[in-house]
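J.: Dumping the structure here so I can ask a few things about it.
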Amino acid sequence: MSLVAFCSDFGLSDPFVAEVKLALRRHGPADLRVLDITHEIAPGAVAAGRWVCARIWPQLPAGAVLLAVVDPGVGSERPAVAAAAGGRFFVGPGNGLFTGLAAEPDLQVVRLVRREPPLAHLAGTTFDGRDLFAPAAARLAAGQPLRDLGTPASAAELGDAPPEAPCAVVWIDRFGNLITNLCRDSAAGRRLAAGATLMVAGRPVRGPIQAYADAAAGELVWYWGSGGTMEIARAGASAAAQLSARTGLVISLPVP
């Protein structure tokens, strides 16, 4: 079975996700399966898309293709790329979505070449997800070699990730939990292991807890989440609403 895992900022109110899936079916193998990761990334939120990709790809089976489309620069000179690393494949814009792959020792990158025009009644330069990325992902899923999809490129074509704060909110889930980029095994994470009360938006946040049941009703707490990074929750309610938090919020850590 061939697998393409697909994430985007398209949402589900428009036909765009369906159009990409139809393009995958047109160009892919008969046994192609498409796994929807999420299509609720905020419009143009490359940093959030990068977090989704980094969390998901190590869990994909060998040979799977991760198709990620968060592409505010569509139609511009930004690179369109496909890559291979860690036994998986990656397709999307070279705008920073895949910069985490640069540390993979077996990384290979190509700059995509547009192989065919879209369907006869479709035209334009604003839907590379359907017209460029989906055909490339489908061909990889069908077993076509990466080198056949474009011209060899360096890791620089994956794009630059902007500098990140040591602890910043990168995602807010549907429960209102704040997911940060602070890894448990980082130097700062190890310093917090013994426990610390953080101040976020002027409110104390106790932690680390082991389970939500360890918090009193309405209490703000932090813990190491299922993705290996620090998260902030409010027991029985939304931490994001309580703190008026948005992605990008920088959380101050205790000075060692």
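Order determines the names: the first chain of the structure tokens is A, the second B, and so forth; residues in each chain are numbered 1 upward, and ligands are numbered 1 upward as they are shown.
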Residues of stretch 53-172 of chain A that approach stretch 2-11 of chain A to 10 Å or less, counting only C-alpha atoms: could you list each one with the shortest pair of atoms and its distance in Å to one decimal, rows by chain and increasing residue number, as a Markdown table?

T.:
```
| residue | atom | partner | partner_atom | distance |
| --- | --- | --- | --- | --- |
| A:Cys53 | CA | A:Cys7 | CA | 8.2 |
| A:Ile56 | CA | A:Ala5 | CA | 9.0 |
| A:Trp57 | CA | A:Ala5 | CA | 8.8 |
| A:Leu60 | CA | A:Ala5 | CA | 8.1 |
| A:Pro61 | CA | A:Leu3 | CA | 8.5 |
| A:Ala62 | CA | A:Leu3 | CA | 9.6 |
| A:Gly63 | CA | A:Leu3 | CA | 7.8 |
| A:Ala64 | CA | A:Leu3 | CA | 5.1 |
| A:Val65 | CA | A:Val4 | CA | 4.7 |
| A:Leu66 | CA | A:Ala5 | CA | 4.8 |
| A:Leu67 | CA | A:Phe6 | CA | 4.8 |
| A:Ala68 | CA | A:Cys7 | CA | 5.0 |
| A:Val69 | CA | A:Ser8 | CA | 4.7 |
| A:Val70 | CA | A:Ser8 | CA | 5.5 |
| A:Asp71 | CA | A:Asp9 | CA | 8.4 |
| A:Pro72 | CA | A:Asp9 | CA | 9.8 |
| A:Phe89 | CA | A:Val4 | CA | 9.2 |
| A:Phe90 | CA | A:Val4 | CA | 9.5 |
| A:Val91 | CA | A:Phe6 | CA | 9.7 |
| A:Gly92 | CA | A:Ser8 | CA | 10.0 |
| A:Gly129 | CA | A:Ser8 | CA | 9.0 |
| A:Ala134 | CA | A:Val4 | CA | 9.4 |
| A:Ala137 | CA | A:Val4 | CA | 7.1 |
| A:Ala138 | CA | A:Val4 | CA | 7.6 |
| A:Leu140 | CA | A:Val4 | CA | 9.1 |
| A:Ala141 | CA | A:Ser2 | CA | 5.5 |
| A:Ala142 | CA | A:Ser2 | CA | 7.0 |
| A:Gly143 | CA | A:Ser2 | CA | 8.9 |
```

J.: Residues of the last selection are to be written out with N, CA and C atoms, as a CSV table (one decimal), in the first residue's frame.

T.:
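The new file again_15.csv reads:
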```
chain,number,residue,atom,x,y,z
A,53,CYS,N,4.6,19.2,10.7
A,53,CYS,CA,5.4,18.3,9.9
A,53,CYS,C,6.5,17.6,10.8
A,56,ILE,N,4.8,14.9,13.0
A,56,ILE,CA,4.2,13.7,12.3
A,56,ILE,C,5.1,12.8,11.6
A,57,TRP,N,6.1,13.4,10.9
A,57,TRP,CA,6.9,12.6,10.0
A,57,TRP,C,7.6,11.4,10.6
A,60,LEU,N,5.4,8.3,10.6
A,60,LEU,CA,5.0,7.7,9.3
A,60,LEU,C,5.7,6.4,9.0
A,61,PRO,N,5.1,5.5,8.3
A,61,PRO,CA,5.9,4.3,7.9
A,61,PRO,C,6.9,4.6,6.9
A,62,ALA,N,7.9,3.7,6.8
A,62,ALA,CA,8.9,3.9,5.8
A,62,ALA,C,8.3,3.9,4.4
A,63,GLY,N,8.8,4.8,3.5
A,63,GLY,CA,8.3,4.9,2.2
A,63,GLY,C,7.1,5.9,2.0
A,64,ALA,N,6.5,6.3,3.1
A,64,ALA,CA,5.4,7.3,3.0
A,64,ALA,C,5.9,8.6,2.5
A,65,VAL,N,4.9,9.4,2.0
A,65,VAL,CA,5.2,10.7,1.4
A,65,VAL,C,4.4,11.7,2.3
A,66,LEU,N,5.1,12.7,2.8
A,66,LEU,CA,4.4,13.8,3.5
A,66,LEU,C,4.3,15.0,2.5
A,67,LEU,N,3.0,15.3,2.2
A,67,LEU,CA,2.7,16.4,1.4
A,67,LEU,C,2.2,17.5,2.2
A,68,ALA,N,2.9,18.6,2.3
A,68,ALA,CA,2.6,19.7,3.2
A,68,ALA,C,2.4,21.0,2.3
A,69,VAL,N,1.3,21.7,2.4
A,69,VAL,CA,1.0,22.9,1.6
A,69,VAL,C,0.5,24.0,2.5
A,70,VAL,N,1.5,24.8,3.0
A,70,VAL,CA,1.2,26.1,3.6
A,70,VAL,C,2.1,27.0,2.9
A,71,ASP,N,1.5,27.8,2.0
A,71,ASP,CA,2.3,28.4,0.9
A,71,ASP,C,1.9,29.8,0.6
A,72,PRO,N,2.2,30.7,1.5
A,72,PRO,CA,1.8,32.1,1.2
A,72,PRO,C,2.5,32.7,0.1
A,89,PHE,N,9.5,10.5,2.3
A,89,PHE,CA,9.6,11.5,1.3
A,89,PHE,C,8.8,12.8,1.7
A,90,PHE,N,9.2,13.9,1.2
A,90,PHE,CA,8.6,15.2,1.6
A,90,PHE,C,8.4,16.0,0.3
A,91,VAL,N,7.2,16.6,0.2
A,91,VAL,CA,6.9,17.5,-1.0
A,91,VAL,C,6.2,18.7,-0.5
A,92,GLY,N,6.6,19.9,-1.0
A,92,GLY,CA,5.9,21.1,-0.6
A,92,GLY,C,6.8,22.3,-1.0
A,129,GLY,N,-0.5,23.4,-4.9
A,129,GLY,CA,-0.8,22.2,-4.2
A,129,GLY,C,-1.4,21.2,-5.1
A,134,ALA,N,0.9,17.9,-5.7
A,134,ALA,CA,0.2,16.6,-5.6
A,134,ALA,C,0.7,15.6,-6.7
A,137,ALA,N,4.0,14.2,-5.4
A,137,ALA,CA,3.8,13.3,-4.2
A,137,ALA,C,3.3,12.0,-4.7
A,138,ALA,N,2.4,12.0,-5.7
A,138,ALA,CA,1.8,10.8,-6.2
A,138,ALA,C,2.8,10.0,-6.9
A,140,LEU,N,6.1,9.9,-6.3
A,140,LEU,CA,6.9,9.3,-5.3
A,140,LEU,C,6.2,8.1,-4.7
A,141,ALA,N,4.9,8.2,-4.4
A,141,ALA,CA,4.2,7.1,-3.8
A,141,ALA,C,4.1,5.9,-4.8
A,142,ALA,N,4.2,6.2,-6.1
A,142,ALA,CA,4.2,5.1,-7.1
A,142,ALA,C,5.5,4.5,-7.3
A,143,GLY,N,6.5,5.0,-6.6
A,143,GLY,CA,7.9,4.4,-6.7
A,143,GLY,C,8.8,5.1,-7.6
```

J.: Applying 6 Å and only C-alpha atoms, which residues near stretch 187-197 of chain A remain after dropping the ones on its own chain fewer than 2 positions away? List them as a list in words.

T.: Cys183, Arg184, Asp185, Val205, Arg206, Gly207 and Pro208 of chain A

J.: Which residue, A:Glu219, A:Glu157, A:Glu19, A:Asp14, has the smallest gap to A:Leu243 when you use only C-alpha atoms?

T.: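 So, comparing all the options, the nearest one is A:Glu219.
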
J.: With only C-alpha atoms as the basis for distance, which of A:Val110, A:Ala136, A:Leu97, A:Val221 is at the shortest distance from A:Arg55?

T.: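 Ranking A:Val110, A:Ala136, A:Leu97, A:Val221 by distance to A:Arg55, first place goes to A:Leu97.
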
J.: Would you mind writing down, as a ChimeraX atom specification, each residue of stretch 68-198 of chain A that DSSP on the backbone assigns to helix (DSSP H, G or I)?

T.: /A:99-103,128-141,146-149,155-158,187-192

J.: Would you export the selected residues with N, CA and C atoms as an mmCIF file, in the first residue's frame, please?

T.:
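Wrote part.cif, looks like this:
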```cif
data_model
loop_
_atom_site.group_PDB
_atom_site.id
_atom_site.type_symbol
_atom_site.label_atom_id
_atom_site.label_comp_id
_atom_site.auth_asym_id
_atom_site.auth_seq_id
_atom_site.Cartn_x
_atom_site.Cartn_y
_atom_site.Cartn_z
ATOM 1 N N THR A 99 12.523 22.616 7.255
ATOM 2 C CA THR A 99 13.898 22.937 7.638
ATOM 3 C C THR A 99 14.457 21.970 8.672
ATOM 4 N N GLY A 100 13.594 21.323 9.448
ATOM 5 C CA GLY A 100 14.075 20.376 10.436
ATOM 6 C C GLY A 100 14.786 19.183 9.825
ATOM 7 N N LEU A 101 14.569 18.943 8.538
ATOM 8 C CA LEU A 101 15.213 17.802 7.877
ATOM 9 C C LEU A 101 16.695 18.033 7.649
ATOM 10 N N ALA A 102 17.153 19.275 7.753
ATOM 11 C CA ALA A 102 18.553 19.575 7.454
ATOM 12 C C ALA A 102 19.509 18.784 8.342
ATOM 13 N N ALA A 103 19.048 18.361 9.508
ATOM 14 C CA ALA A 103 19.907 17.606 10.424
ATOM 15 C C ALA A 103 19.958 16.122 10.089
ATOM 16 N N ASP A 128 -0.406 25.556 -6.605
ATOM 17 C CA ASP A 128 0.648 24.552 -6.748
ATOM 18 C C ASP A 128 0.351 23.294 -5.957
ATOM 19 N N GLY A 129 -0.466 23.400 -4.916
ATOM 20 C CA GLY A 129 -0.828 22.202 -4.167
ATOM 21 C C GLY A 129 -1.447 21.151 -5.059
ATOM 22 N N ARG A 130 -2.333 21.575 -5.941
ATOM 23 C CA ARG A 130 -2.985 20.659 -6.886
ATOM 24 C C ARG A 130 -2.138 20.383 -8.122
ATOM 25 N N ASP A 131 -1.523 21.447 -8.670
ATOM 26 C CA ASP A 131 -0.934 21.367 -10.002
ATOM 27 C C ASP A 131 0.535 20.938 -10.028
ATOM 28 N N LEU A 132 1.235 21.075 -8.907
ATOM 29 C CA LEU A 132 2.656 20.732 -8.867
ATOM 30 C C LEU A 132 2.984 19.745 -7.753
ATOM 31 N N PHE A 133 2.581 20.061 -6.532
ATOM 32 C CA PHE A 133 2.967 19.223 -5.396
ATOM 33 C C PHE A 133 2.253 17.878 -5.391
ATOM 34 N N ALA A 134 0.948 17.871 -5.661
ATOM 35 C CA ALA A 134 0.214 16.599 -5.641
ATOM 36 C C ALA A 134 0.737 15.620 -6.692
ATOM 37 N N PRO A 135 0.965 16.038 -7.960
ATOM 38 C CA PRO A 135 1.540 15.084 -8.918
ATOM 39 C C PRO A 135 2.906 14.551 -8.486
ATOM 40 N N ALA A 136 3.742 15.411 -7.914
ATOM 41 C CA ALA A 136 5.058 14.950 -7.463
ATOM 42 C C ALA A 136 4.917 13.942 -6.333
ATOM 43 N N ALA A 137 4.044 14.232 -5.356
ATOM 44 C CA ALA A 137 3.835 13.305 -4.243
ATOM 45 C C ALA A 137 3.293 11.973 -4.746
ATOM 46 N N ALA A 138 2.371 12.022 -5.702
ATOM 47 C CA ALA A 138 1.783 10.790 -6.239
ATOM 48 C C ALA A 138 2.835 9.950 -6.943
ATOM 49 N N ARG A 139 3.725 10.583 -7.667
ATOM 50 C CA ARG A 139 4.765 9.837 -8.378
ATOM 51 C C ARG A 139 5.740 9.176 -7.398
ATOM 52 N N LEU A 140 6.068 9.877 -6.333
ATOM 53 C CA LEU A 140 6.916 9.258 -5.319
ATOM 54 C C LEU A 140 6.213 8.057 -4.696
ATOM 55 N N ALA A 141 4.923 8.208 -4.416
ATOM 56 C CA ALA A 141 4.159 7.104 -3.837
ATOM 57 C C ALA A 141 4.103 5.909 -4.785
ATOM 58 N N LEU A 146 13.272 9.884 -6.643
ATOM 59 C CA LEU A 146 13.282 11.311 -6.327
ATOM 60 C C LEU A 146 14.026 12.108 -7.400
ATOM 61 N N ARG A 147 15.129 11.583 -7.878
ATOM 62 C CA ARG A 147 15.959 12.327 -8.829
ATOM 63 C C ARG A 147 15.223 12.630 -10.125
ATOM 64 N N ASP A 148 14.183 11.857 -10.432
ATOM 65 C CA ASP A 148 13.454 12.059 -11.681
ATOM 66 C C ASP A 148 12.467 13.223 -11.603
ATOM 67 N N LEU A 149 12.260 13.756 -10.409
ATOM 68 C CA LEU A 149 11.236 14.787 -10.240
ATOM 69 C C LEU A 149 11.766 16.202 -10.421
ATOM 70 N N ALA A 155 20.230 21.609 0.855
ATOM 71 C CA ALA A 155 19.278 21.795 1.948
ATOM 72 C C ALA A 155 18.790 23.231 2.036
ATOM 73 N N ALA A 156 19.563 24.174 1.487
ATOM 74 C CA ALA A 156 19.157 25.579 1.529
ATOM 75 C C ALA A 156 17.834 25.803 0.805
ATOM 76 N N GLU A 157 17.520 24.931 -0.176
ATOM 77 C CA GLU A 157 16.272 25.073 -0.920
ATOM 78 C C GLU A 157 15.048 24.798 -0.055
ATOM 79 N N LEU A 158 15.242 24.167 1.098
ATOM 80 C CA LEU A 158 14.120 23.927 2.003
ATOM 81 C C LEU A 158 13.620 25.205 2.651
ATOM 82 N N ALA A 187 18.437 21.821 27.143
ATOM 83 C CA ALA A 187 19.067 22.296 28.377
ATOM 84 C C ALA A 187 18.045 23.002 29.261
ATOM 85 N N ALA A 188 17.209 23.854 28.656
ATOM 86 C CA ALA A 188 16.195 24.562 29.441
ATOM 87 C C ALA A 188 15.152 23.591 29.980
ATOM 88 N N GLY A 189 14.795 22.586 29.169
ATOM 89 C CA GLY A 189 13.831 21.600 29.628
ATOM 90 C C GLY A 189 14.343 20.802 30.811
ATOM 91 N N ARG A 190 15.606 20.437 30.761
ATOM 92 C CA ARG A 190 16.183 19.679 31.886
ATOM 93 C C ARG A 190 16.224 20.521 33.153
ATOM 94 N N ARG A 191 16.432 21.821 32.999
ATOM 95 C CA ARG A 191 16.438 22.680 34.195
ATOM 96 C C ARG A 191 15.059 22.736 34.841
ATOM 97 N N LEU A 192 14.002 22.598 34.041
ATOM 98 C CA LEU A 192 12.652 22.675 34.590
ATOM 99 C C LEU A 192 12.164 21.348 35.162
#
```

J.: What does the distance from atom CA of A:Gln108 to atom CA of A:Ala84 come to in Å, to one decimal?

T.: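 Computing it gives 5.2 Å between the two atoms.
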